[in-house]
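Peer 1: This one is upload05.txt, compact mmCIF, C-alpha atoms (C1' of nucleotides).
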```txt
# COMPACT_ATOMS: atom_id res chain seq x y z
CA MET J 1 3.51 22.35 27.10
CA SER J 2 3.41 25.22 24.63
CA LYS J 3 1.02 25.03 21.71
CA ALA J 4 3.88 24.79 19.26
CA ALA J 5 5.49 21.90 21.09
CA ASN J 6 2.11 20.30 21.10
CA THR J 7 1.65 20.40 17.34
CA ARG J 8 5.14 19.05 16.93
CA LEU J 9 4.45 16.09 19.17
CA ASN J 10 1.09 15.60 17.56
CA ILE J 11 2.75 15.33 14.16
CA LEU J 12 5.30 12.85 15.49
CA HIS J 13 2.70 10.63 17.10
CA LYS J 14 0.28 10.53 14.20
CA ALA J 15 3.08 10.14 11.68
CA PHE J 16 4.50 7.28 13.70
CA GLU J 17 1.19 5.48 13.68
CA LEU J 18 0.87 5.89 9.93
CA ILE J 19 4.43 4.77 9.34
CA TYR J 20 4.03 1.78 11.62
CA THR J 21 0.97 0.59 9.79
CA LYS J 22 1.86 1.63 6.24
CA GLY J 23 5.62 1.93 6.02
CA TYR J 24 7.77 5.04 5.80
CA GLN J 25 8.08 5.43 2.04
CA THR J 26 4.40 4.98 1.40
CA THR J 27 3.34 7.46 4.04
CA SER J 28 3.18 10.85 2.37
CA ILE J 29 3.49 14.19 4.03
CA ASP J 30 0.13 15.15 2.59
CA GLU J 31 -1.34 12.18 4.39
CA ILE J 32 0.37 13.10 7.63
CA ILE J 33 -0.86 16.67 7.60
CA ALA J 34 -4.34 15.50 6.65
CA THR J 35 -4.63 13.19 9.66
CA THR J 36 -3.01 15.66 12.03
CA GLN J 37 -5.13 18.56 10.76
CA VAL J 38 -1.97 20.58 10.49
CA THR J 39 -0.99 22.60 7.45
CA LYS J 40 2.07 22.12 5.33
CA GLY J 41 3.50 25.37 6.58
CA ALA J 42 3.31 24.14 10.14
CA PHE J 43 4.85 20.82 9.24
CA TYR J 44 7.82 22.37 7.51
CA TYR J 45 8.24 24.88 10.25
CA HIS J 46 8.89 22.04 12.68
CA PHE J 47 10.81 19.71 10.36
CA LYS J 48 13.16 20.69 7.58
CA THR J 49 12.56 17.46 5.68
CA LYS J 50 10.54 14.27 5.90
CA ASP J 51 13.68 12.37 6.91
CA GLU J 52 14.34 14.77 9.76
CA MET J 53 10.87 13.97 11.04
CA GLY J 54 11.59 10.27 10.67
CA VAL J 55 14.70 10.49 12.78
CA ALA J 56 12.82 12.57 15.34
CA ILE J 57 10.26 9.77 15.61
CA ILE J 58 13.01 7.31 16.42
CA GLU J 59 14.63 9.55 18.99
CA GLU J 60 11.62 11.16 20.57
CA ILE J 61 9.01 8.42 20.38
CA LEU J 62 10.66 5.04 19.98
CA LYS J 63 13.66 5.60 22.20
CA PRO J 64 11.82 6.83 25.29
CA THR J 65 9.21 4.11 24.90
CA MET J 66 11.88 1.45 24.77
CA GLN J 67 13.73 2.95 27.71
CA GLU J 68 10.64 2.87 29.82
CA HIS J 69 9.21 -0.48 28.80
CA PHE J 70 12.27 -2.66 28.24
CA ILE J 71 15.49 -1.12 29.46
CA GLN J 72 14.38 -0.15 32.93
CA PRO J 73 12.43 -3.35 33.69
CA THR J 74 15.35 -5.48 32.48
CA GLU J 75 17.78 -3.53 34.62
CA ALA J 76 15.57 -4.07 37.64
CA SER J 77 15.15 -7.77 36.93
CA GLN J 78 16.17 -10.33 39.54
CA ASN J 79 15.52 -13.35 37.35
CA PRO J 80 16.76 -12.73 33.81
CA ILE J 81 15.50 -15.94 32.22
CA GLU J 82 11.98 -15.55 33.42
CA ASP J 83 11.94 -11.87 32.63
CA PHE J 84 13.32 -12.28 29.10
CA TYR J 85 10.49 -14.64 28.38
CA ASN J 86 7.94 -12.33 29.90
CA MET J 87 9.31 -9.38 27.96
CA ILE J 88 9.03 -11.12 24.59
CA SER J 89 5.72 -12.68 25.46
CA TYR J 90 4.33 -9.32 26.49
CA LEU J 91 5.55 -7.72 23.29
CA LEU J 92 4.09 -10.41 21.11
CA LEU J 93 0.79 -11.07 22.79
CA GLU J 94 -0.18 -8.26 25.09
CA ASP J 95 1.24 -4.89 24.12
CA PRO J 96 -1.82 -2.79 23.33
CA PHE J 97 -0.17 -0.76 20.59
CA LEU J 98 1.68 -3.39 18.61
CA GLN J 99 -0.30 -5.48 16.16
CA VAL J 100 0.54 -8.83 14.63
CA LYS J 101 0.01 -7.76 11.06
CA TYR J 102 2.19 -4.67 11.37
CA GLY J 103 5.25 -6.28 12.92
CA CYS J 104 7.86 -4.48 15.02
CA PRO J 105 8.23 -0.73 14.39
CA VAL J 106 11.98 -0.80 14.90
CA GLY J 107 12.40 -3.88 12.75
CA ASN J 108 10.24 -2.40 10.02
CA LEU J 109 12.18 0.83 9.90
CA THR J 110 15.49 -1.00 9.92
CA GLN J 111 14.41 -3.15 7.04
CA GLU J 112 13.05 -0.27 5.04
CA MET J 113 15.61 2.45 5.64
CA THR J 114 18.97 0.74 5.93
CA PRO J 115 21.35 0.91 4.26
CA TRP J 116 20.01 3.86 2.31
CA ASN J 117 19.63 6.46 4.98
CA THR J 118 22.56 6.71 7.36
CA LYS J 119 20.77 9.04 9.75
CA PHE J 120 18.06 6.45 10.24
CA SER J 121 20.58 3.66 10.55
CA GLU J 122 22.53 5.48 13.22
CA ALA J 123 19.48 6.35 15.26
CA LEU J 124 18.14 2.80 14.99
CA ALA J 125 21.50 1.21 15.75
CA GLU J 126 21.80 3.29 18.90
CA LEU J 127 18.40 2.09 20.00
CA VAL J 128 19.13 -1.55 19.37
CA ASP J 129 22.58 -1.41 20.90
CA LEU J 130 21.07 -0.06 24.05
CA TRP J 131 18.62 -2.92 24.26
CA LYS J 132 21.31 -5.47 23.48
CA ALA J 133 23.68 -4.05 26.08
CA THR J 134 20.98 -4.20 28.71
CA ILE J 135 20.29 -7.85 27.96
CA ILE J 136 23.98 -8.68 28.12
CA LYS J 137 24.34 -6.96 31.46
CA SER J 138 21.36 -8.83 32.79
CA ILE J 139 22.85 -12.14 31.70
CA GLU J 140 26.15 -11.37 33.39
CA LYS J 141 24.25 -10.56 36.53
CA GLY J 142 22.41 -13.86 36.24
CA LYS J 143 25.70 -15.68 35.94
CA GLU J 144 26.90 -14.04 39.13
CA THR J 145 23.82 -15.00 41.08
CA GLY J 146 24.06 -18.51 39.71
CA LEU J 147 20.77 -18.41 37.80
CA ILE J 148 22.59 -18.80 34.49
CA ARG J 149 25.32 -21.28 33.59
CA ALA J 150 28.85 -19.88 33.63
CA GLU J 151 29.60 -21.00 30.06
CA VAL J 152 26.78 -18.91 28.59
CA VAL J 153 28.04 -16.04 26.46
CA GLY J 154 25.95 -12.92 27.00
CA GLU J 155 26.45 -11.35 23.61
CA GLN J 156 25.53 -14.52 21.79
CA VAL J 157 22.35 -14.93 23.76
CA ALA J 158 21.41 -11.29 23.31
CA PHE J 159 21.74 -11.56 19.54
CA PHE J 160 19.82 -14.81 19.57
CA ILE J 161 16.90 -13.44 21.55
CA LEU J 162 16.60 -10.22 19.63
CA SER J 163 17.01 -11.87 16.25
CA GLY J 164 14.33 -14.37 17.08
CA TYR J 165 12.03 -11.59 18.14
CA TRP J 166 12.51 -9.61 14.94
CA GLY J 167 12.15 -12.71 12.87
CA ILE J 168 8.99 -14.01 14.44
CA ARG J 169 7.41 -10.61 14.06
CA ASN J 170 8.04 -10.92 10.36
CA PHE J 171 6.34 -14.31 10.41
CA GLY J 172 3.43 -12.76 12.21
CA LYS J 173 3.06 -10.17 9.47
CA LEU J 174 3.03 -12.87 6.86
CA GLN J 175 0.37 -15.00 8.49
CA ASN J 176 -1.50 -12.30 10.32
CA ASP J 177 -2.46 -14.43 13.25
CA ASN J 178 -0.64 -15.08 16.46
CA SER J 179 -0.56 -18.86 16.28
CA SER J 180 3.03 -18.66 15.06
CA TYR J 181 3.80 -16.54 18.11
CA LEU J 182 2.52 -19.24 20.42
CA VAL J 183 4.63 -21.92 18.79
CA TYR J 184 7.67 -19.68 18.85
CA LEU J 185 7.22 -18.83 22.51
CA LYS J 186 7.22 -22.48 23.49
CA GLU J 187 10.58 -22.99 21.88
CA LEU J 188 11.88 -19.75 23.34
CA LYS J 189 11.02 -20.99 26.79
CA SER J 190 12.76 -24.26 26.10
CA TYR J 191 15.83 -22.43 24.79
CA LEU J 192 15.96 -20.08 27.76
CA ASN J 193 15.67 -22.94 30.21
CA GLY J 194 18.73 -24.42 28.57
CA LEU J 195 20.69 -21.44 29.83
CA LYS J 196 20.09 -22.36 33.45
CA MET N 1 14.51 -19.87 -25.37
CA SER N 2 12.51 -17.48 -27.53
CA LYS N 3 13.55 -13.88 -27.69
CA ALA N 4 10.35 -12.78 -25.97
CA ALA N 5 10.83 -15.21 -23.09
CA ASN N 6 14.33 -13.89 -22.85
CA THR N 7 13.32 -10.26 -22.39
CA ARG N 8 10.78 -11.35 -19.82
CA LEU N 9 13.36 -13.22 -17.80
CA ASN N 10 15.82 -10.40 -18.25
CA ILE N 11 13.32 -7.97 -16.77
CA LEU N 12 12.64 -10.29 -13.84
CA HIS N 13 16.31 -10.78 -13.04
CA LYS N 14 17.36 -7.16 -13.26
CA ALA N 15 14.25 -6.00 -11.43
CA PHE N 16 14.92 -8.51 -8.68
CA GLU N 17 18.43 -7.22 -8.21
CA LEU N 18 17.21 -3.65 -8.01
CA ILE N 19 14.43 -4.57 -5.59
CA TYR N 20 16.78 -6.59 -3.42
CA THR N 21 19.20 -3.73 -3.08
CA LYS N 22 16.77 -0.80 -3.05
CA GLY N 23 13.40 -2.12 -1.94
CA TYR N 24 10.25 -2.65 -3.96
CA GLN N 25 8.50 0.67 -3.51
CA THR N 26 11.56 2.71 -4.29
CA THR N 27 12.39 0.81 -7.43
CA SER N 28 10.56 2.51 -10.27
CA ILE N 29 9.54 0.96 -13.56
CA ASP N 30 11.48 3.67 -15.35
CA GLU N 31 14.57 2.50 -13.51
CA ILE N 32 13.90 -1.12 -14.35
CA ILE N 33 13.50 -0.48 -18.05
CA ALA N 34 16.57 1.75 -18.04
CA THR N 35 18.82 -0.96 -16.62
CA THR N 36 17.29 -3.70 -18.74
CA GLN N 37 17.43 -1.61 -21.91
CA VAL N 38 13.85 -2.57 -22.57
CA THR N 39 11.15 -0.12 -23.51
CA LYS N 40 8.03 0.59 -21.56
CA GLY N 41 5.94 -1.01 -24.26
CA ALA N 42 7.86 -4.25 -23.88
CA PHE N 43 7.58 -4.13 -20.11
CA TYR N 44 3.84 -3.68 -20.10
CA TYR N 45 3.44 -6.30 -22.77
CA HIS N 46 4.93 -8.87 -20.40
CA PHE N 47 3.41 -7.58 -17.16
CA LYS N 48 0.04 -5.95 -16.70
CA THR N 49 1.18 -4.07 -13.59
CA LYS N 50 4.23 -3.57 -11.44
CA ASP N 51 2.72 -5.79 -8.78
CA GLU N 52 2.21 -8.60 -11.26
CA MET N 53 5.90 -8.42 -12.02
CA GLY N 54 6.67 -8.48 -8.32
CA VAL N 55 4.69 -11.65 -7.79
CA ALA N 56 6.36 -13.16 -10.86
CA ILE N 57 9.74 -12.49 -9.26
CA ILE N 58 8.68 -14.41 -6.18
CA GLU N 59 7.32 -17.35 -8.13
CA GLU N 60 9.78 -17.53 -10.98
CA ILE N 61 13.02 -16.40 -9.38
CA LEU N 62 12.84 -16.81 -5.62
CA LYS N 63 10.88 -20.03 -5.48
CA PRO N 64 13.05 -22.09 -7.84
CA THR N 65 16.19 -20.76 -6.20
CA MET N 66 14.95 -21.80 -2.81
CA GLN N 67 13.84 -25.18 -4.06
CA GLU N 68 17.23 -25.87 -5.49
CA HIS N 69 19.41 -24.48 -2.73
CA PHE N 70 17.50 -25.28 0.44
CA ILE N 71 14.59 -27.63 -0.05
CA GLN N 72 16.37 -30.34 -2.00
CA PRO N 73 19.56 -30.35 0.11
CA THR N 74 17.54 -30.48 3.31
CA GLU N 75 15.46 -33.35 1.99
CA ALA N 76 18.60 -35.26 1.13
CA SER N 77 20.19 -34.55 4.50
CA GLN N 78 21.28 -37.44 6.71
CA ASN N 79 22.27 -35.27 9.65
CA PRO N 80 19.71 -32.52 10.20
CA ILE N 81 21.48 -30.68 12.99
CA GLU N 82 24.73 -30.34 11.16
CA ASP N 83 23.01 -29.44 7.93
CA PHE N 84 20.76 -26.81 9.47
CA TYR N 85 23.83 -25.09 10.76
CA ASN N 86 25.60 -25.38 7.44
CA MET N 87 22.58 -24.05 5.60
CA ILE N 88 22.31 -20.93 7.74
CA SER N 89 26.05 -20.44 7.82
CA TYR N 90 26.24 -20.70 4.05
CA LEU N 91 23.44 -18.22 3.62
CA LEU N 92 24.98 -15.72 5.99
CA LEU N 93 28.64 -15.98 5.09
CA GLU N 94 29.14 -17.58 1.74
CA ASP N 95 26.25 -17.16 -0.63
CA PRO N 96 27.71 -15.14 -3.53
CA PHE N 97 24.55 -13.23 -4.27
CA LEU N 98 23.32 -12.23 -0.83
CA GLN N 99 24.96 -9.27 0.84
CA VAL N 100 25.06 -8.32 4.48
CA LYS N 101 23.82 -4.79 3.98
CA TYR N 102 20.83 -5.84 1.88
CA GLY N 103 19.44 -8.54 4.14
CA CYS N 104 17.27 -11.45 3.04
CA PRO N 105 15.23 -10.89 -0.14
CA VAL N 106 12.26 -12.86 1.14
CA GLY N 107 12.39 -11.17 4.51
CA ASN N 108 12.64 -7.75 2.92
CA LEU N 109 9.66 -8.32 0.68
CA THR N 110 7.62 -9.73 3.52
CA GLN N 111 8.38 -6.72 5.66
CA GLU N 112 7.64 -4.25 2.90
CA MET N 113 4.60 -5.74 1.21
CA THR N 114 2.57 -7.41 3.93
CA PRO N 115 -0.12 -6.83 4.93
CA TRP N 116 -0.87 -4.43 2.13
CA ASN N 117 -0.62 -6.62 -0.92
CA THR N 118 -2.36 -9.95 -0.54
CA LYS N 119 -0.93 -11.35 -3.78
CA PHE N 120 2.57 -10.79 -2.45
CA SER N 121 1.66 -12.18 0.94
CA GLU N 122 0.24 -15.36 -0.53
CA ALA N 123 3.20 -15.98 -2.80
CA LEU N 124 5.65 -15.32 0.03
CA ALA N 125 3.71 -17.40 2.53
CA GLU N 126 3.76 -20.34 0.14
CA LEU N 127 7.50 -20.03 -0.17
CA VAL N 128 8.11 -19.86 3.54
CA ASP N 129 5.68 -22.64 4.34
CA LEU N 130 7.55 -24.88 1.97
CA TRP N 131 10.82 -24.17 3.70
CA LYS N 132 9.29 -24.63 7.11
CA ALA N 133 7.64 -27.91 6.17
CA THR N 134 10.92 -29.25 4.86
CA ILE N 135 12.69 -28.41 8.09
CA ILE N 136 9.95 -30.06 10.13
CA LYS N 137 10.16 -33.21 8.05
CA SER N 138 13.90 -33.27 8.46
CA ILE N 139 13.56 -33.01 12.22
CA GLU N 140 11.08 -35.83 12.36
CA LYS N 141 13.48 -37.94 10.36
CA GLY N 142 16.26 -37.02 12.77
CA LYS N 143 14.09 -38.15 15.66
CA GLU N 144 13.55 -41.49 13.99
CA THR N 145 17.24 -42.06 13.42
CA GLY N 146 17.96 -41.02 16.98
CA LEU N 147 20.00 -37.96 16.08
CA ILE N 148 17.45 -35.68 17.70
CA ARG N 149 15.80 -36.02 21.09
CA ALA N 150 12.29 -37.42 21.05
CA GLU N 151 10.85 -34.49 23.03
CA VAL N 152 11.87 -31.95 20.40
CA VAL N 153 8.89 -30.41 18.61
CA GLY N 154 9.61 -29.95 14.91
CA GLU N 155 7.34 -27.01 14.29
CA GLN N 156 8.75 -25.08 17.22
CA VAL N 157 12.30 -25.62 16.08
CA ALA N 158 11.49 -24.70 12.50
CA PHE N 159 9.97 -21.40 13.59
CA PHE N 160 12.90 -20.78 15.87
CA ILE N 161 15.52 -21.37 13.21
CA LEU N 162 13.81 -19.37 10.51
CA SER N 163 12.92 -16.51 12.83
CA GLY N 164 16.48 -16.27 13.98
CA TYR N 165 17.69 -16.21 10.43
CA TRP N 166 15.35 -13.43 9.39
CA GLY N 167 16.16 -11.48 12.49
CA ILE N 168 19.91 -11.70 12.27
CA ARG N 169 19.76 -10.61 8.65
CA ASN N 170 18.03 -7.48 9.88
CA PHE N 171 20.85 -6.97 12.37
CA GLY N 172 23.33 -7.40 9.58
CA LYS N 173 21.63 -4.66 7.60
CA LEU N 174 21.81 -2.34 10.54
CA GLN N 175 25.49 -2.84 11.25
CA ASN N 176 26.64 -3.68 7.76
CA ASP N 177 29.35 -6.05 8.83
CA ASN N 178 29.21 -9.75 9.45
CA SER N 179 30.58 -9.73 12.98
CA SER N 180 27.03 -10.04 14.30
CA TYR N 181 26.62 -13.08 12.05
CA LEU N 182 29.60 -14.77 13.65
CA VAL N 183 28.30 -14.21 17.15
CA TYR N 184 24.88 -15.39 16.16
CA LEU N 185 26.19 -18.54 14.52
CA LYS N 186 28.01 -19.57 17.68
CA GLU N 187 24.81 -19.44 19.65
CA LEU N 188 22.92 -21.19 16.88
CA LYS N 189 25.38 -24.07 17.05
CA SER N 190 24.96 -24.23 20.79
CA TYR N 191 21.18 -24.20 20.45
CA LEU N 192 21.17 -26.90 17.78
CA ASN N 193 23.45 -29.11 19.83
CA GLY N 194 20.88 -28.89 22.59
CA LEU N 195 18.46 -30.73 20.32
CA LYS N 196 20.62 -33.85 20.29
C1' DC I 1 -0.79 48.33 23.60
C1' DA I 2 3.10 48.15 20.30
C1' DT I 3 6.33 45.39 18.16
C1' DA I 4 9.20 41.70 16.97
C1' DA I 5 9.59 37.00 16.58
C1' DA I 6 7.52 32.55 16.36
C1' DA I 7 4.08 29.68 14.41
C1' DA I 8 1.04 28.48 10.95
C1' DA I 9 -1.77 29.04 6.56
C1' DT I 10 -2.10 29.17 1.34
C1' DA I 11 -0.81 28.58 -3.08
C1' DC I 12 2.40 27.06 -5.81
C1' DT I 13 6.45 24.21 -8.43
C1' DA I 14 9.19 20.80 -10.56
C1' DA I 15 10.08 16.11 -10.60
C1' DT I 16 8.63 11.49 -10.52
C1' DT I 17 5.24 7.98 -10.61
C1' DA I 18 2.43 3.95 -12.76
C1' DG I 19 0.05 3.26 -16.51
C1' DT I 20 -2.06 4.08 -21.57
C1' DA I 21 -2.86 4.83 -26.55
C1' DT I 22 -1.26 3.95 -30.73
C1' DG I 23 1.56 2.52 -34.12
C1' DA I 24 5.73 -0.02 -35.97
C1' DA I 25 8.53 -3.97 -36.42
C1' DA I 26 9.45 -9.15 -35.88
C1' DA I 27 8.13 -13.77 -36.04
C1' DG I 28 5.56 -17.68 -37.31
C1' DG I 29 2.25 -20.39 -40.16
C1' DC I 30 0.51 -21.27 -44.69
C1' DG H 1 5.83 -13.94 -50.06
C1' DC H 2 1.52 -12.88 -47.61
C1' DC H 3 -0.97 -12.27 -43.56
C1' DT H 4 -1.93 -12.68 -38.75
C1' DT H 5 -0.32 -12.58 -34.27
C1' DT H 6 3.17 -11.57 -31.19
C1' DT H 7 6.42 -8.46 -29.52
C1' DC H 8 8.20 -4.06 -28.85
C1' DA H 9 8.77 1.34 -29.44
C1' DT H 10 7.31 6.20 -28.72
C1' DA H 11 4.88 9.70 -26.92
C1' DC H 12 1.82 10.88 -23.87
C1' DT H 13 -1.39 11.54 -19.33
C1' DA H 14 -3.11 12.24 -14.80
C1' DA H 15 -1.97 11.78 -10.20
C1' DT H 16 1.15 12.14 -6.51
C1' DT H 17 5.36 13.48 -4.45
C1' DA H 18 8.59 16.43 -1.36
C1' DG H 19 9.56 20.81 -0.84
C1' DT H 20 9.25 26.26 -1.40
C1' DA H 21 7.79 31.18 -1.45
C1' DT H 22 5.01 34.25 0.53
C1' DT H 23 1.77 35.98 3.45
C1' DT H 24 -1.00 35.91 7.65
C1' DT H 25 -1.92 35.00 12.32
C1' DT H 26 -0.58 34.08 16.95
C1' DT H 27 2.37 34.60 20.91
C1' DA H 28 5.60 36.55 23.95
C1' DT H 29 7.89 40.69 25.74
C1' DG H 30 8.88 45.32 26.61
```
Please express the file's structure as structure tokens.
Peer 2:
Amino acid sequence: MSKAANTRLNILHKAFELIYTKGYQTTSIDEIIATTQVTKGAFYYHFKTKDEMGVAIIEEILKPTMQEHFIQPTEASQNPIEDFYNMISYLLLEDPFLQVKYGCPVGNLTQEMTPWNTKFSEALAELVDLWKATIIKSIEKGKETGLIRAEVVGEQVAFFILSGYWGIRNFGKLQNDNSSYLVYLKELKSYLNGLK
Amino acid sequence: MSKAANTRLNILHKAFELIYTKGYQTTSIDEIIATTQVTKGAFYYHFKTKDEMGVAIIEEILKPTMQEHFIQPTEASQNPIEDFYNMISYLLLEDPFLQVKYGCPVGNLTQEMTPWNTKFSEALAELVDLWKATIIKSIEKGKETGLIRAEVVGEQVAFFILSGYWGIRNFGKLQNDNSSYLVYLKELKSYLNGLK
DNA sequence: CATAAAAAATACTAATTAGTATGAAAAGGC
DNA sequence: GCCTTTTCATACTAATTAGTATTTTTTATG
């Protein structure tokens, strides 16, 4: 990778970490260039505006991460119900990057940036739609193999799972300990078993 | 009500509306005093800091509203399952103040202010705990009257309902139309019926 | 190695921010 | 009506913000 591409990626990564922990609006460009050890000239050479950088984070950091960690595993899944639970459980309790007190990066950005910045909204919506579509497909597959009841409606379940995930992450932020996660996961398991 | 108390309440109400639609950080004091037609001297007479005003909004606007609209009705409920659904459905589709594109005021503030402002976190946590506790009590009552299965765990269900609500409001923001609400509500009904 | 283009460094600006200092006007008690 | 306290008005400050203008350095290419 060229040196220039490297600084660009460096900015995106460090900025993402700051934004995840502090929020987008309260993360200043001065702060970003201070932690990246990059000058303002370099920053504005790579990104025309702060918002352009923000959208780049969604498309170049969040999207590939989600593709790799959630889309592909879900597509490969043979047992949707079990794997949905494992996916959420992993995200809540085991993912080494995500922290209880900081919530879900995608959820945070959605909350903070919509409906005021359409570029952000579009990029985030694309991301979420992809995840949702993958879950729906997985449910349909489960219905075919008989692992999921025929009456189950994929779209409804997808919304329900993802909403619950976003919501419980907000609870986690509020209480800053994962006890709420554990309680939530028990009910999630119970709910998912009801789909069998 | 004295004139002074009136300006104070006026500030809180207008500020709350701005914060609900724009977010806390991006709502400036200059903007608040412009829309309230109150001078900066008056503002800082009533509130030592912006954050103090923010906490006052939670305690003096959000809390009483929630008490009146959700706590008391839930306490009076004879049929928890039906009333949980009606409560969420009302909030999503009918409440005249809440708007799809702006999400849930409590959820928004939680997302934006925790974990950085402990005063906000505490005030919000109190609010949410109250709501959660009321739901749990209502479930226990439903178990006694036989409307809810004995194996159902109140705390789990409470987390599940509230998480889903917060989450779907985030979805609503992202898509800015209530079609996702309708899909979600169908699954919520199905989930709640499973508690019988 | 020369040169053009890409990449980055430095110093600045104009606007906005929360908050303050100080004084004037209302309101209430006697 | 006088006086004290409450309430509000005006003008300011210091810090921070995103973004720009300009120059310098680095890199690639002939």
Peer 1: One decimal, in Å: what's the spacing between atom CA of Leu130 of chain J and atom CA of Ile11 of chain J?
Peer 2: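 So the answer is 25.9 Å.
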Peer 1: By how many Å are atom CA of Thr114 of chain J and atom CA of Leu188 of chain N apart?
Peer 2: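 The value is 24.8 Å.
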Peer 1: Within 10 Å of chain I, which residues of chain N are there when counting only C-alpha atoms (C1' of nucleotides)? Please give them as a list in words.
Peer 2: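 In the required form, that comes to Lys3, Ser28, Ile29, Asp30, Lys40, Gly41, Tyr44, Lys48, Thr49 and Lys50 of chain N.
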Peer 1: When you get a sec, could you note down which chain N residues fall within 8 Å of chain J, using only C-alpha atoms, as a ChimeraX atom specification?
Peer 2: /N:22-23,25-26,101-103,107-108,110-112,114-116,121,124-125,155-157,159-160,162-168,170-171,173-176,180,183-184,186-188,191,194
Peer 1: Using all atoms listed in the file, I'd like every residue of chain N that has an atom within 12 Å of chain H; please write them out as a list in words.
Peer 2: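 Contact residues on the first chain: Ser2, Lys3, Ala4, Ala5, Asn6, Thr7, Arg8, Gln37, Val38, Thr39, Lys40, Gly41, Ala42, Phe43, Tyr44, Tyr45 and His46 of chain N.
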Peer 1: Rank nothing, just name the residue among J:Ile19, J:Ile81, J:Ile57, J:Met87 nearest to Gly142 of chain J, using all atoms listed in the file.
Peer 2: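 Looking at the shortest contact to Gly142 of chain J, the residue is J:Ile81.
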Peer 1: Could you jot down the atom CA of Phe84 of chain J to atom CA of Glu126 of chain J separation for me, Å, one decimal place?
Peer 2: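 Atom CA of Glu126 of chain J lies 20.5 Å from atom CA of Phe84 of chain J.
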Peer 1: Which is closest to Phe97 of chain J among J:Thr65, J:Ile139, J:Gln78, J:Lys196, if we use only C-alpha atoms?
Peer 2: J:Thr65
Peer 1: Using only C-alpha atoms, which residue out of J:Asp83, J:Glu52, J:Glu31, J:Glu75 lies closest to Glu17 of chain J?
Peer 2: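 For Glu17 of chain J, the nearest of the given residues is J:Glu31.
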